[in-house]
$ cat start.cif   # mmCIF, C-alpha atoms and all ligand atoms
data_query
loop_
_atom_site.label_atom_id
_atom_site.label_comp_id
_atom_site.auth_asym_id
_atom_site.auth_seq_id
_atom_site.Cartn_x
_atom_site.Cartn_y
_atom_site.Cartn_z
CA MET A 1455 35.38 38.65 -31.68
CA SER A 1456 33.47 35.73 -33.12
CA HIS A 1457 29.99 34.70 -32.02
CA ARG A 1458 29.66 30.94 -31.96
CA ILE A 1459 26.14 29.55 -31.61
CA PRO A 1460 25.92 25.84 -30.73
CA ALA A 1461 23.27 25.16 -33.36
CA LYS A 1462 23.57 23.25 -36.61
CA ILE A 1463 21.62 22.75 -39.81
CA THR A 1464 20.44 19.12 -39.95
CA GLY A 1465 18.40 19.28 -43.16
CA VAL A 1466 17.52 21.53 -46.06
CA ALA A 1467 14.71 21.50 -48.62
CA GLY A 1468 13.19 23.86 -51.13
CA TYR A 1469 10.24 24.46 -53.37
CA VAL A 1470 9.81 26.42 -56.58
CA PRO A 1471 6.49 26.56 -58.41
CA PRO A 1472 6.35 24.52 -61.63
CA ARG A 1473 5.73 27.35 -64.11
CA VAL A 1474 8.91 28.62 -65.78
CA MET A 1475 9.28 32.04 -67.38
CA THR A 1476 12.26 32.38 -69.72
CA ASN A 1477 14.07 35.51 -70.84
CA ASP A 1478 12.52 35.08 -74.26
CA ASP A 1479 9.08 35.23 -72.66
CA PHE A 1480 9.91 38.76 -71.46
CA ALA A 1481 11.24 39.73 -74.89
CA LYS A 1482 7.76 39.11 -76.34
CA THR A 1483 6.29 42.08 -74.42
CA LEU A 1484 9.27 44.24 -73.37
CA ASP A 1485 12.22 45.94 -75.04
CA THR A 1486 14.70 43.40 -73.71
CA SER A 1487 16.51 40.27 -74.87
CA ASP A 1488 17.81 36.97 -73.62
CA ALA A 1489 21.35 38.18 -74.37
CA TRP A 1490 21.00 41.39 -72.26
CA ILE A 1491 19.49 39.58 -69.28
CA ARG A 1492 22.05 36.77 -69.34
CA GLU A 1493 25.06 39.05 -69.78
CA ARG A 1494 24.00 41.68 -67.21
CA THR A 1495 22.53 39.33 -64.58
CA GLY A 1496 23.32 35.65 -65.31
CA ILE A 1497 19.61 34.79 -65.26
CA ARG A 1498 18.15 32.44 -67.89
CA GLU A 1499 14.78 31.65 -66.35
CA ARG A 1500 12.78 31.94 -63.15
CA HIS A 1501 9.76 30.17 -61.66
CA ILE A 1502 6.50 32.05 -61.23
CA ALA A 1503 3.71 30.98 -58.88
CA GLU A 1504 0.14 30.78 -60.10
CA LYS A 1505 -2.57 33.08 -58.80
CA GLY A 1506 -3.75 31.82 -55.42
CA VAL A 1507 -0.34 30.40 -54.52
CA ALA A 1508 1.29 32.64 -51.92
CA SER A 1509 4.52 32.71 -49.91
CA SER A 1510 2.93 30.59 -47.17
CA HIS A 1511 2.09 27.82 -49.66
CA MET A 1512 5.64 27.65 -51.01
CA ALA A 1513 7.02 27.81 -47.45
CA THR A 1514 4.73 24.96 -46.39
CA GLU A 1515 5.76 22.80 -49.36
CA ALA A 1516 9.45 23.34 -48.55
CA ALA A 1517 8.83 22.61 -44.86
CA LYS A 1518 6.87 19.43 -45.59
CA LEU A 1519 9.69 18.11 -47.75
CA LEU A 1520 12.17 18.99 -45.01
CA LEU A 1521 10.18 17.22 -42.29
CA ALA A 1522 9.79 14.11 -44.46
CA GLN A 1523 13.47 14.08 -45.37
CA THR A 1524 14.68 14.50 -41.78
CA GLY A 1525 12.06 12.13 -40.31
CA THR A 1526 10.73 14.92 -38.10
CA ASP A 1527 7.25 14.80 -36.60
CA PRO A 1528 5.59 18.25 -36.92
CA ALA A 1529 4.83 18.13 -33.18
CA GLU A 1530 8.59 18.13 -32.46
CA ILE A 1531 9.03 21.62 -33.96
CA ASN A 1532 9.40 24.30 -31.26
CA MET A 1533 9.58 27.40 -33.41
CA ILE A 1534 9.09 28.62 -36.99
CA VAL A 1535 10.81 31.75 -38.30
CA VAL A 1536 9.91 32.94 -41.80
CA GLY A 1537 11.96 35.54 -43.66
CA SER A 1538 9.83 37.25 -46.33
CA VAL A 1539 9.01 40.61 -47.88
CA THR A 1540 5.95 39.13 -49.56
CA PRO A 1541 3.93 37.70 -46.67
CA ASP A 1542 0.46 36.49 -47.68
CA MET A 1543 -0.95 39.50 -45.81
CA PHE A 1544 0.07 41.93 -43.06
CA PHE A 1545 -1.35 39.59 -40.46
CA PRO A 1546 -1.58 36.88 -39.41
CA ALA A 1547 2.11 36.17 -39.94
CA THR A 1548 3.08 33.68 -42.62
CA ALA A 1549 4.67 31.61 -39.85
CA CYS A 1550 1.21 31.13 -38.30
CA LEU A 1551 -0.24 29.91 -41.61
CA VAL A 1552 2.67 27.49 -42.03
CA GLN A 1553 2.36 26.28 -38.42
CA ASP A 1554 -1.29 25.43 -38.97
CA ARG A 1555 -0.79 23.66 -42.30
CA LEU A 1556 2.09 21.60 -40.95
CA GLY A 1557 0.20 20.68 -37.77
CA ALA A 1558 3.20 21.91 -35.79
CA LYS A 1559 1.04 22.14 -32.69
CA LYS A 1560 3.83 22.93 -30.24
CA ALA A 1561 5.56 25.61 -32.28
CA TRP A 1562 5.45 29.37 -31.90
CA GLY A 1563 6.81 31.62 -34.60
CA PHE A 1564 6.91 34.88 -36.44
CA ASP A 1565 7.93 36.58 -39.67
CA LEU A 1566 11.04 38.64 -40.13
CA SER A 1567 11.54 41.34 -42.76
CA ALA A 1568 15.09 41.85 -44.00
CA ALA A 1569 14.54 41.46 -47.76
CA CYS A 1570 17.36 39.53 -49.44
CA SER A 1571 19.10 39.08 -46.08
CA GLY A 1572 15.87 37.66 -44.63
CA PHE A 1573 16.94 34.04 -44.53
CA ALA A 1574 20.34 34.85 -43.01
CA TYR A 1575 18.72 37.03 -40.34
CA ALA A 1576 16.11 34.34 -39.61
CA LEU A 1577 18.81 31.68 -39.35
CA THR A 1578 20.78 33.66 -36.78
CA VAL A 1579 17.64 34.48 -34.78
CA GLY A 1580 16.38 30.89 -34.81
CA ALA A 1581 19.83 29.58 -33.92
CA GLN A 1582 19.97 31.77 -30.81
CA PHE A 1583 17.04 29.86 -29.32
CA VAL A 1584 18.63 26.52 -30.10
CA GLY A 1585 21.99 27.72 -28.79
CA ALA A 1586 20.40 28.96 -25.58
CA GLY A 1587 19.16 25.44 -24.94
CA THR A 1588 15.48 26.40 -24.78
CA HIS A 1589 14.52 25.06 -28.23
CA LYS A 1590 15.52 21.73 -29.76
CA LYS A 1591 14.10 21.93 -33.28
CA VAL A 1592 13.61 25.20 -35.10
CA LEU A 1593 12.35 25.58 -38.64
CA VAL A 1594 13.87 28.51 -40.54
CA ILE A 1595 12.25 29.39 -43.85
CA GLY A 1596 12.89 31.97 -46.56
CA SER A 1597 9.93 32.38 -48.90
CA ASP A 1598 9.06 35.08 -51.40
CA LYS A 1599 6.50 35.45 -54.15
CA MET A 1600 8.26 38.37 -55.83
CA SER A 1601 5.96 38.14 -58.86
CA ALA A 1602 3.22 39.56 -56.62
CA ILE A 1603 5.05 42.90 -56.26
CA LEU A 1604 6.68 43.40 -59.66
CA ASP A 1605 5.80 45.84 -62.38
CA TYR A 1606 5.88 43.65 -65.48
CA LYS A 1607 6.22 46.78 -67.61
CA ASP A 1608 9.50 47.80 -65.91
CA ARG A 1609 12.25 45.85 -67.69
CA ALA A 1610 14.87 47.01 -65.19
CA THR A 1611 13.25 45.12 -62.28
CA CYS A 1612 10.79 42.49 -63.48
CA VAL A 1613 13.36 40.31 -65.23
CA LEU A 1614 15.47 40.01 -62.06
CA PHE A 1615 13.16 38.16 -59.70
CA GLY A 1616 11.48 34.78 -59.31
CA ASP A 1617 9.33 32.94 -56.77
CA GLY A 1618 10.52 30.24 -54.40
CA ALA A 1619 11.12 29.04 -50.87
CA GLY A 1620 13.70 27.11 -48.92
CA ALA A 1621 13.76 25.73 -45.40
CA VAL A 1622 16.31 24.37 -42.96
CA LEU A 1623 16.02 22.52 -39.67
CA LEU A 1624 18.18 23.75 -36.78
CA GLU A 1625 19.15 21.50 -33.87
CA PRO A 1626 21.71 21.66 -31.02
CA ALA A 1627 25.32 21.27 -32.19
CA GLY A 1628 28.35 19.48 -30.75
CA ALA A 1629 31.77 21.11 -30.24
CA ASN A 1630 33.15 21.28 -33.79
CA GLU A 1631 30.06 21.74 -35.90
CA GLY A 1632 27.35 24.25 -36.64
CA ILE A 1633 27.43 28.04 -36.56
CA LEU A 1634 30.92 29.42 -35.86
CA ASP A 1635 30.18 33.09 -36.34
CA PHE A 1636 27.78 35.58 -37.87
CA HIS A 1637 27.70 39.20 -38.89
CA HIS A 1638 24.61 41.33 -39.49
CA ASP A 1639 24.30 45.03 -40.01
CA VAL A 1640 21.94 47.66 -41.38
CA ASP A 1641 22.66 50.84 -43.29
CA GLY A 1642 19.25 52.49 -43.31
CA SER A 1643 20.47 55.33 -45.50
CA GLY A 1644 20.23 52.84 -48.39
CA GLY A 1645 16.50 52.33 -47.93
CA GLN A 1646 15.76 54.84 -50.68
CA TYR A 1647 17.37 52.68 -53.36
CA LEU A 1648 15.18 49.58 -53.10
CA TYR A 1649 11.69 49.68 -51.65
CA MET A 1650 7.97 49.28 -52.16
CA PRO A 1651 6.22 52.51 -51.13
CA GLY A 1652 2.55 51.52 -51.15
CA GLY A 1653 0.30 49.43 -48.94
CA GLY A 1654 1.92 50.16 -45.57
CA SER A 1655 0.85 52.62 -42.89
CA LEU A 1656 2.58 55.51 -44.68
CA ASN A 1657 0.73 55.05 -47.95
CA PRO A 1658 -2.27 52.80 -47.28
CA SER A 1659 -3.76 51.23 -50.39
CA THR A 1660 -6.05 53.57 -52.30
CA HIS A 1661 -6.97 54.01 -55.94
CA GLU A 1662 -4.35 56.76 -55.97
CA THR A 1663 -1.53 54.49 -54.73
CA VAL A 1664 -2.47 51.99 -57.42
CA ASP A 1665 -2.59 54.69 -60.10
CA LYS A 1666 0.85 55.90 -58.96
CA ASN A 1667 2.28 52.38 -59.25
CA MET A 1668 3.27 52.31 -55.58
CA HIS A 1669 2.62 48.60 -54.94
CA VAL A 1670 5.63 47.32 -56.85
CA VAL A 1671 9.40 47.10 -56.35
CA HIS A 1672 11.22 50.38 -57.00
CA GLN A 1673 14.96 50.07 -57.44
CA GLU A 1674 17.94 52.22 -58.35
CA GLY A 1675 19.88 49.22 -59.57
CA SER A 1676 23.36 50.66 -59.87
CA ASN A 1677 23.40 52.01 -56.28
CA VAL A 1678 22.28 48.63 -54.94
CA PHE A 1679 24.80 46.92 -57.18
CA LYS A 1680 27.75 48.98 -55.93
CA TYR A 1681 26.80 48.53 -52.27
CA ALA A 1682 26.34 44.77 -52.71
CA VAL A 1683 29.67 44.32 -54.50
CA ARG A 1684 31.53 46.17 -51.74
CA ARG A 1685 29.80 44.66 -48.70
CA MET A 1686 29.61 41.05 -49.88
CA ALA A 1687 33.40 40.90 -50.23
CA GLU A 1688 34.23 43.00 -47.15
CA VAL A 1689 32.02 41.07 -44.74
CA ALA A 1690 32.94 37.66 -46.13
CA ALA A 1691 36.68 38.37 -45.78
CA GLU A 1692 36.24 39.77 -42.27
CA LEU A 1693 34.30 36.75 -41.00
CA VAL A 1694 36.85 34.34 -42.38
CA GLU A 1695 39.79 36.27 -40.97
CA ARG A 1696 38.47 36.88 -37.48
CA ASN A 1697 37.90 33.15 -37.07
CA GLY A 1698 41.50 32.39 -37.93
CA PHE A 1699 40.82 30.93 -41.37
CA LYS A 1700 42.12 31.75 -44.83
CA ASN A 1701 39.76 32.29 -47.74
CA ASP A 1702 41.08 29.08 -49.20
CA ASP A 1703 39.78 27.13 -46.19
CA LEU A 1704 36.23 27.77 -47.40
CA ALA A 1705 34.74 24.67 -48.98
CA LEU A 1706 31.71 26.54 -50.29
CA VAL A 1707 30.25 30.04 -50.31
CA VAL A 1708 26.49 30.16 -50.77
CA PRO A 1709 25.80 33.79 -51.71
CA HIS A 1710 22.50 35.54 -52.21
CA GLN A 1711 21.65 35.29 -55.91
CA ALA A 1712 20.86 38.83 -57.09
CA ASN A 1713 23.23 39.20 -60.00
CA LEU A 1714 25.98 36.88 -61.23
CA ARG A 1715 28.30 39.89 -61.62
CA ILE A 1716 27.92 40.69 -57.89
CA ILE A 1717 28.70 37.06 -57.03
CA ARG A 1718 31.75 36.93 -59.33
CA ALA A 1719 33.09 40.24 -57.95
CA MET A 1720 32.97 38.80 -54.41
CA GLN A 1721 34.51 35.55 -55.62
CA ASP A 1722 37.39 37.40 -57.30
CA ARG A 1723 38.06 39.50 -54.19
CA LEU A 1724 38.20 36.31 -52.10
CA GLY A 1725 40.32 34.50 -54.70
CA LEU A 1726 38.01 31.50 -54.94
CA ASP A 1727 37.49 29.29 -57.99
CA ASP A 1728 34.05 28.43 -59.37
CA SER A 1729 33.90 25.08 -57.57
CA LYS A 1730 33.73 26.95 -54.23
CA VAL A 1731 30.87 29.27 -55.08
CA MET A 1732 27.26 28.13 -55.37
CA VAL A 1733 25.44 29.63 -58.32
CA ASN A 1734 21.88 28.81 -59.39
CA ILE A 1735 20.66 32.27 -60.37
CA ASP A 1736 20.47 31.05 -63.96
CA ARG A 1737 17.48 28.85 -63.09
CA TYR A 1738 15.64 30.77 -60.37
CA GLY A 1739 16.58 34.46 -60.64
CA ASN A 1740 16.46 36.41 -57.39
CA THR A 1741 13.95 34.74 -55.05
CA THR A 1742 14.87 37.22 -52.25
CA ALA A 1743 14.71 35.28 -48.94
CA GLY A 1744 14.59 32.01 -50.89
CA THR A 1745 18.00 32.19 -52.56
CA ILE A 1746 20.32 30.93 -49.82
CA PRO A 1747 18.28 27.90 -48.70
CA LEU A 1748 17.65 27.01 -52.37
CA GLY A 1749 21.41 27.31 -52.92
CA LEU A 1750 22.07 25.00 -49.97
CA ARG A 1751 19.48 22.55 -51.26
CA ASP A 1752 21.07 22.44 -54.71
CA ALA A 1753 24.58 22.18 -53.24
CA VAL A 1754 23.53 19.13 -51.21
CA ALA A 1755 21.82 17.59 -54.26
CA GLN A 1756 25.00 18.14 -56.32
CA GLY A 1757 27.19 16.50 -53.64
CA ARG A 1758 29.04 19.77 -52.97
CA LEU A 1759 28.67 19.71 -49.17
CA LYS A 1760 30.10 17.16 -46.79
CA LYS A 1761 30.35 16.89 -43.02
CA GLY A 1762 33.02 19.21 -41.64
CA ASP A 1763 33.07 21.58 -44.62
CA LEU A 1764 33.60 25.28 -43.83
CA VAL A 1765 30.67 27.12 -45.41
CA LEU A 1766 29.89 30.82 -45.72
CA LEU A 1767 26.39 32.18 -46.32
CA MET A 1768 26.44 35.79 -47.55
CA ALA A 1769 23.67 38.22 -48.38
CA VAL A 1770 23.09 41.93 -48.94
CA GLY A 1771 19.59 43.27 -49.48
CA ALA A 1772 17.15 46.14 -49.29
CA GLY A 1773 17.48 48.26 -46.19
CA PHE A 1774 20.39 48.03 -46.73
CA THR A 1775 20.69 44.82 -44.74
CA THR A 1776 23.73 42.57 -44.57
CA GLY A 1777 23.66 39.01 -43.31
CA SER A 1778 26.48 36.51 -43.17
CA ILE A 1779 27.02 33.23 -41.36
CA LEU A 1780 30.11 31.05 -41.13
CA LEU A 1781 29.44 27.43 -40.25
CA ARG A 1782 30.75 23.89 -40.29
CA TRP A 1783 28.45 21.67 -42.28
CA ALA A 1784 27.20 18.99 -39.94
CA TYR A 1785 25.96 16.06 -42.02
O1 LIG A 1801 18.72 41.39 -54.15
C1 LIG A 1801 19.20 42.63 -53.79
C2 LIG A 1801 18.74 43.63 -54.64
N1 LIG A 1801 19.03 43.78 -55.99
C3 LIG A 1801 20.24 43.74 -56.54
O2 LIG A 1801 21.23 43.38 -55.97
C4 LIG A 1801 20.30 44.26 -57.95
C5 LIG A 1801 21.49 45.13 -58.12
N2 LIG A 1801 21.55 45.76 -59.43
C6 LIG A 1801 21.74 45.07 -60.57
O3 LIG A 1801 21.79 43.85 -60.58
C7 LIG A 1801 21.95 45.86 -61.84
O4 LIG A 1801 22.11 47.20 -61.52
C8 LIG A 1801 20.79 45.69 -62.86
C9 LIG A 1801 20.78 44.29 -63.45
C10 LIG A 1801 19.46 46.00 -62.20
C11 LIG A 1801 20.99 46.65 -64.02
O5 LIG A 1801 22.25 46.43 -64.64
P1 LIG A 1801 23.24 47.61 -64.96
O6 LIG A 1801 24.38 47.03 -65.65
O7 LIG A 1801 23.49 48.35 -63.67
O8 LIG A 1801 22.41 48.47 -65.98
P2 LIG A 1801 21.90 49.97 -65.82
O9 LIG A 1801 20.85 50.06 -64.76
O10 LIG A 1801 23.08 50.88 -65.72
O11 LIG A 1801 21.21 50.16 -67.21
C12 LIG A 1801 21.95 50.13 -68.42
C13 LIG A 1801 20.98 50.20 -69.57
C14 LIG A 1801 19.91 51.27 -69.40
O12 LIG A 1801 19.65 51.84 -70.66
P3 LIG A 1801 20.25 53.27 -71.02
O13 LIG A 1801 19.72 54.21 -70.00
O14 LIG A 1801 21.73 53.10 -70.97
O15 LIG A 1801 19.70 53.50 -72.40
C15 LIG A 1801 18.71 50.50 -68.97
O16 LIG A 1801 17.50 51.11 -69.34
O17 LIG A 1801 20.29 48.95 -69.66
C16 LIG A 1801 18.89 49.20 -69.75
N3 LIG A 1801 18.17 48.08 -69.21
C17 LIG A 1801 17.79 47.04 -69.97
N4 LIG A 1801 17.96 46.77 -71.27
C18 LIG A 1801 17.47 45.62 -71.73
C19 LIG A 1801 17.76 47.88 -67.94
N5 LIG A 1801 17.11 46.72 -67.86
C20 LIG A 1801 17.11 46.18 -69.10
C21 LIG A 1801 16.60 45.00 -69.65
N6 LIG A 1801 16.79 44.75 -70.96
N7 LIG A 1801 15.92 44.08 -68.91
#
$ encode --input "start.cif" --output "structure tokens"
Amino acid sequence: MSHRIPAKITGVAGYVPPRVMTNDDFAKTLDTSDAWIRERTGIRERHIAEKGVASSHMATEAAKLLLAQTGTDPAEINMIVVGSVTPDMFFPATACLVQDRLGAKKAWGFDLSAACSGFAYALTVGAQFVGAGTHKKVLVIGSDKMSAILDYKDRATCVLFGDGAGAVLLEPAGANEGILDFHHDVDGSGGQYLYMPGGGSLNPSTHETVDKNMHVVHQEGSNVFKYAVRRMAEVAAELVERNGFKNDDLALVVPHQANLRIIRAMQDRLGLDDSKVMVNIDRYGNTTAGTIPLGLRDAVAQGRLKKGDLVLLMAVGAGFTTGSILLRWAY
């Protein structure tokens, strides 16, 4: 059964901070190399936000660009949903900070935590309100300052991530456009493989939690890798098939950018050539909730999306969470 939502993306924008950190920069302080990072992950460089710049600031920059580009008055926005695992603070929600800075006086909003699937989850949630007819313009943002929660002495995690944000505008869709179907699931048994143990209600911040290095990303990379390879391909194929399409009907897949080898494994299983798969991990690394909207932004900029195109968004992340959306590009 498919789950059409009569909501469509009518604009996309993104923001990455100006400072670039290359693989060679890591090699100055860690036992790593540009060759290892490129071959094992596909990453060449990532952007890192300065001190004092948080997820809300990047989200606001992306949203401002989006509003300008779509000619949208901030007062027209009804709702703001932000996917992030690096909110500025526990509360208030990043969405509230963004709402205030944009002057989106008629919007309500909230944050949503689904790690690398955060943007896909937020898109489906935001779209439900548009599809229900109660909301006309919804801002969906994925924003993460991963550099704030990395251990820059752990070569197995710190080289993988970057900072960035992307935003889309959702509006009501006509008959043959917008979101055709979505699939989301959770396998909580995978939570042990990718997590940040400190700072929450289980392990509130203390000198001890800092000494034990609990405020950074902990990952068992190969378990996450295997799960992502399997689920990205399985879910993508299932969504395409249950909507009566063939893999070849896809004009573009915009996958979460965690590792180029994960993306290529999915691509091979679907039998797609490079022109049908968006890749920008080389420039941004894994920006968690930022990857899919940044991928859409770059695809639009490169002229790779046109009205009517069948597009698949596909993410797997910590949790484990899985998020996938099949849509017809609407502009
Ligand atoms: O966004 C969702 C979440 N994250 C992901 O999807 C990430 C999924 N996992 C991965 O992308 C990969 O597992 C990694 C890139 C994290 C690691 O690649 P791998 O091919 O699975 O390597 P490995 O963990 O099996 O490690 C192989 C070796 C190890 O050395 P030993 O034990 O064989 O001596 C690591 O210590 O590579 C070493 N290594 C490195 N060497 C140089 C790990 N990181 C580095 C590094 N530079 N940066």
$ closest_atom_pairs --input "start.cif" --of "chain A" --to "ligand LIG 1801 (chain A)" --cutoff "8 Å" --atoms "only C-alpha atoms and all ligand atoms" --output "JSON lines"
{"residue": "A:Leu1484", "atom": "CA", "partner": "A:LIG1801", "partner_atom": "N6", "distance": 7.9}
{"residue": "A:Asp1485", "atom": "CA", "partner": "A:LIG1801", "partner_atom": "C18", "distance": 6.2}
{"residue": "A:Thr1486", "atom": "CA", "partner": "A:LIG1801", "partner_atom": "N6", "distance": 3.7}
{"residue": "A:Ser1487", "atom": "CA", "partner": "A:LIG1801", "partner_atom": "N6", "distance": 6.0}
{"residue": "A:Trp1490", "atom": "CA", "partner": "A:LIG1801", "partner_atom": "C18", "distance": 5.5}
{"residue": "A:Ile1491", "atom": "CA", "partner": "A:LIG1801", "partner_atom": "N7", "distance": 5.8}
{"residue": "A:Arg1494", "atom": "CA", "partner": "A:LIG1801", "partner_atom": "O6", "distance": 5.6}
{"residue": "A:Thr1495", "atom": "CA", "partner": "A:LIG1801", "partner_atom": "C9", "distance": 5.4}
{"residue": "A:Ala1569", "atom": "CA", "partner": "A:LIG1801", "partner_atom": "O1", "distance": 7.6}
{"residue": "A:Cys1570", "atom": "CA", "partner": "A:LIG1801", "partner_atom": "O1", "distance": 5.2}
{"residue": "A:Asp1608", "atom": "CA", "partner": "A:LIG1801", "partner_atom": "N5", "distance": 7.9}
{"residue": "A:Arg1609", "atom": "CA", "partner": "A:LIG1801", "partner_atom": "N7", "distance": 4.3}
{"residue": "A:Ala1610", "atom": "CA", "partner": "A:LIG1801", "partner_atom": "N5", "distance": 3.5}
{"residue": "A:Thr1611", "atom": "CA", "partner": "A:LIG1801", "partner_atom": "C10", "distance": 6.3}
{"residue": "A:Cys1612", "atom": "CA", "partner": "A:LIG1801", "partner_atom": "N7", "distance": 7.6}
{"residue": "A:Val1613", "atom": "CA", "partner": "A:LIG1801", "partner_atom": "N7", "distance": 5.9}
{"residue": "A:Leu1614", "atom": "CA", "partner": "A:LIG1801", "partner_atom": "C9", "distance": 7.0}
{"residue": "A:Leu1648", "atom": "CA", "partner": "A:LIG1801", "partner_atom": "C2", "distance": 7.1}
{"residue": "A:Gln1673", "atom": "CA", "partner": "A:LIG1801", "partner_atom": "N1", "distance": 7.6}
{"residue": "A:Glu1674", "atom": "CA", "partner": "A:LIG1801", "partner_atom": "O4", "distance": 7.3}
{"residue": "A:Gly1675", "atom": "CA", "partner": "A:LIG1801", "partner_atom": "O4", "distance": 3.6}
{"residue": "A:Ser1676", "atom": "CA", "partner": "A:LIG1801", "partner_atom": "O4", "distance": 4.0}
{"residue": "A:Asn1677", "atom": "CA", "partner": "A:LIG1801", "partner_atom": "O4", "distance": 7.2}
{"residue": "A:Val1678", "atom": "CA", "partner": "A:LIG1801", "partner_atom": "C5", "distance": 4.8}
{"residue": "A:Phe1679", "atom": "CA", "partner": "A:LIG1801", "partner_atom": "C5", "distance": 3.9}
{"residue": "A:Lys1680", "atom": "CA", "partner": "A:LIG1801", "partner_atom": "C5", "distance": 7.7}
{"residue": "A:Ala1682", "atom": "CA", "partner": "A:LIG1801", "partner_atom": "O2", "distance": 6.2}
{"residue": "A:His1710", "atom": "CA", "partner": "A:LIG1801", "partner_atom": "O1", "distance": 7.2}
{"residue": "A:Gln1711", "atom": "CA", "partner": "A:LIG1801", "partner_atom": "O1", "distance": 7.0}
{"residue": "A:Ala1712", "atom": "CA", "partner": "A:LIG1801", "partner_atom": "O1", "distance": 4.4}
{"residue": "A:Asn1713", "atom": "CA", "partner": "A:LIG1801", "partner_atom": "O3", "distance": 4.9}
{"residue": "A:Arg1715", "atom": "CA", "partner": "A:LIG1801", "partner_atom": "O3", "distance": 7.7}
{"residue": "A:Ile1716", "atom": "CA", "partner": "A:LIG1801", "partner_atom": "O3", "distance": 7.4}
{"residue": "A:Asn1740", "atom": "CA", "partner": "A:LIG1801", "partner_atom": "O1", "distance": 6.4}
{"residue": "A:Thr1742", "atom": "CA", "partner": "A:LIG1801", "partner_atom": "O1", "distance": 6.0}
{"residue": "A:Val1770", "atom": "CA", "partner": "A:LIG1801", "partner_atom": "C1", "distance": 6.3}
{"residue": "A:Gly1771", "atom": "CA", "partner": "A:LIG1801", "partner_atom": "C1", "distance": 4.4}
{"residue": "A:Ala1772", "atom": "CA", "partner": "A:LIG1801", "partner_atom": "C1", "distance": 6.1}
$ atom_distance --input "start.cif" --atom1 "atom CA of A:Ala1549" --atom2 "atom CA of A:Ala1619"
13.0 Å
$ closest_residue --input "start.cif" --among "A:Ser1729, A:Gln1582, A:Gln1646, A:Ser1597" --to "A:Tyr1469" --atoms "only C-alpha atoms"
A:Ser1597
$ residues_around --input "start.cif" --residues "stretch 1523-1529 of chain A" --least-positions-apart "4" --cutoff "9 Å" --atoms "all atoms listed in the file" --output "list of chain:residue names"
A:Thr1464, A:Gly1465, A:Val1466, A:Ala1467, A:Lys1518, A:Leu1519, A:Gln1553, A:Leu1556, A:Gly1557, A:Ala1558, A:Lys1559, A:Lys1560, A:Ala1561, A:Leu1623
$ closest_residue --input "start.cif" --among "A:Leu1604, A:Ala1461, A:Met1455, A:Ile1735" --to "A:Ala1629" --atoms "all atoms listed in the file"
A:Ala1461
$ atom_distance --input "start.cif" --atom1 "atom CA of A:Thr1548" --atom2 "atom CA of A:Phe1636"
25.2 Å
$ atom_distance --input "start.cif" --atom1 "atom CA of A:Phe1699" --atom2 "atom CA of A:Ser1778"
15.5 Å
$ closest_residue --input "start.cif" --among "A:Tyr1606, A:Tyr1785, A:Tyr1575, A:Phe1480" --to "A:Gly1757" --atoms "all atoms listed in the file"
A:Tyr1785
$ closest_atom_pairs --input "start.cif" --of "stretch 1564-1647 of chain A" --to "stretch 1691-1696 of chain A" --cutoff "12 Å" --atoms "only C-alpha atoms" --output "JSON lines"
{"residue": "A:Ile1633", "atom": "CA", "partner": "A:Leu1693", "partner_atom": "CA", "distance": 11.9}
{"residue": "A:Leu1634", "atom": "CA", "partner": "A:Leu1693", "partner_atom": "CA", "distance": 9.6}
{"residue": "A:Asp1635", "atom": "CA", "partner": "A:Leu1693", "partner_atom": "CA", "distance": 7.2}
{"residue": "A:Phe1636", "atom": "CA", "partner": "A:Leu1693", "partner_atom": "CA", "distance": 7.3}
{"residue": "A:His1637", "atom": "CA", "partner": "A:Leu1693", "partner_atom": "CA", "distance": 7.3}
{"residue": "A:His1638", "atom": "CA", "partner": "A:Leu1693", "partner_atom": "CA", "distance": 10.8}
$ write_last_selection --input "start.cif" --atoms "C-alpha atoms" --output "PDB file, in the coordinates of the input"
ATOM      1  CA  ILE A1633      27.430  28.040 -36.560  1.00  0.00           C
ATOM      2  CA  LEU A1634      30.920  29.420 -35.860  1.00  0.00           C
ATOM      3  CA  ASP A1635      30.180  33.090 -36.340  1.00  0.00           C
ATOM      4  CA  PHE A1636      27.780  35.580 -37.870  1.00  0.00           C
ATOM      5  CA  HIS A1637      27.700  39.200 -38.890  1.00  0.00           C
ATOM      6  CA  HIS A1638      24.610  41.330 -39.490  1.00  0.00           C
TER       7      HIS A1638
END
$ closest_atom_pairs --input "start.cif" --of "stretch 1728-1764 of chain A" --to "stretch 1779-1783 of chain A" --cutoff "8 Å" --atoms "all atoms listed in the file" --output "JSON lines"
{"residue": "A:Leu1759", "atom": "CA", "partner": "A:Trp1783", "partner_atom": "CA", "distance": 7.2}
{"residue": "A:Lys1760", "atom": "CA", "partner": "A:Trp1783", "partner_atom": "CA", "distance": 6.6}
{"residue": "A:Lys1761", "atom": "CA", "partner": "A:Trp1783", "partner_atom": "CA", "distance": 5.2}
{"residue": "A:Gly1762", "atom": "CA", "partner": "A:Trp1783", "partner_atom": "CA", "distance": 5.2}
{"residue": "A:Asp1763", "atom": "CA", "partner": "A:Trp1783", "partner_atom": "CA", "distance": 5.2}
{"residue": "A:Leu1764", "atom": "CA", "partner": "A:Arg1782", "partner_atom": "CA", "distance": 4.8}
$ closest_residue --input "start.cif" --among "A:Asp1752, A:Glu1499, A:Glu1625, A:Asp1488" --to "A:Met1533" --atoms "all atoms listed in the file"
A:Glu1625
$ residues_around --input "start.cif" --residues "A:Val1584" --least-positions-apart "4" --cutoff "8 Å" --atoms "only C-alpha atoms" --output "list in words"
Pro1460, Ala1461, Gly1580, Thr1588, His1589, Lys1590, Lys1591, Val1592, Leu1624, Glu1625 and Pro1626 of chain A
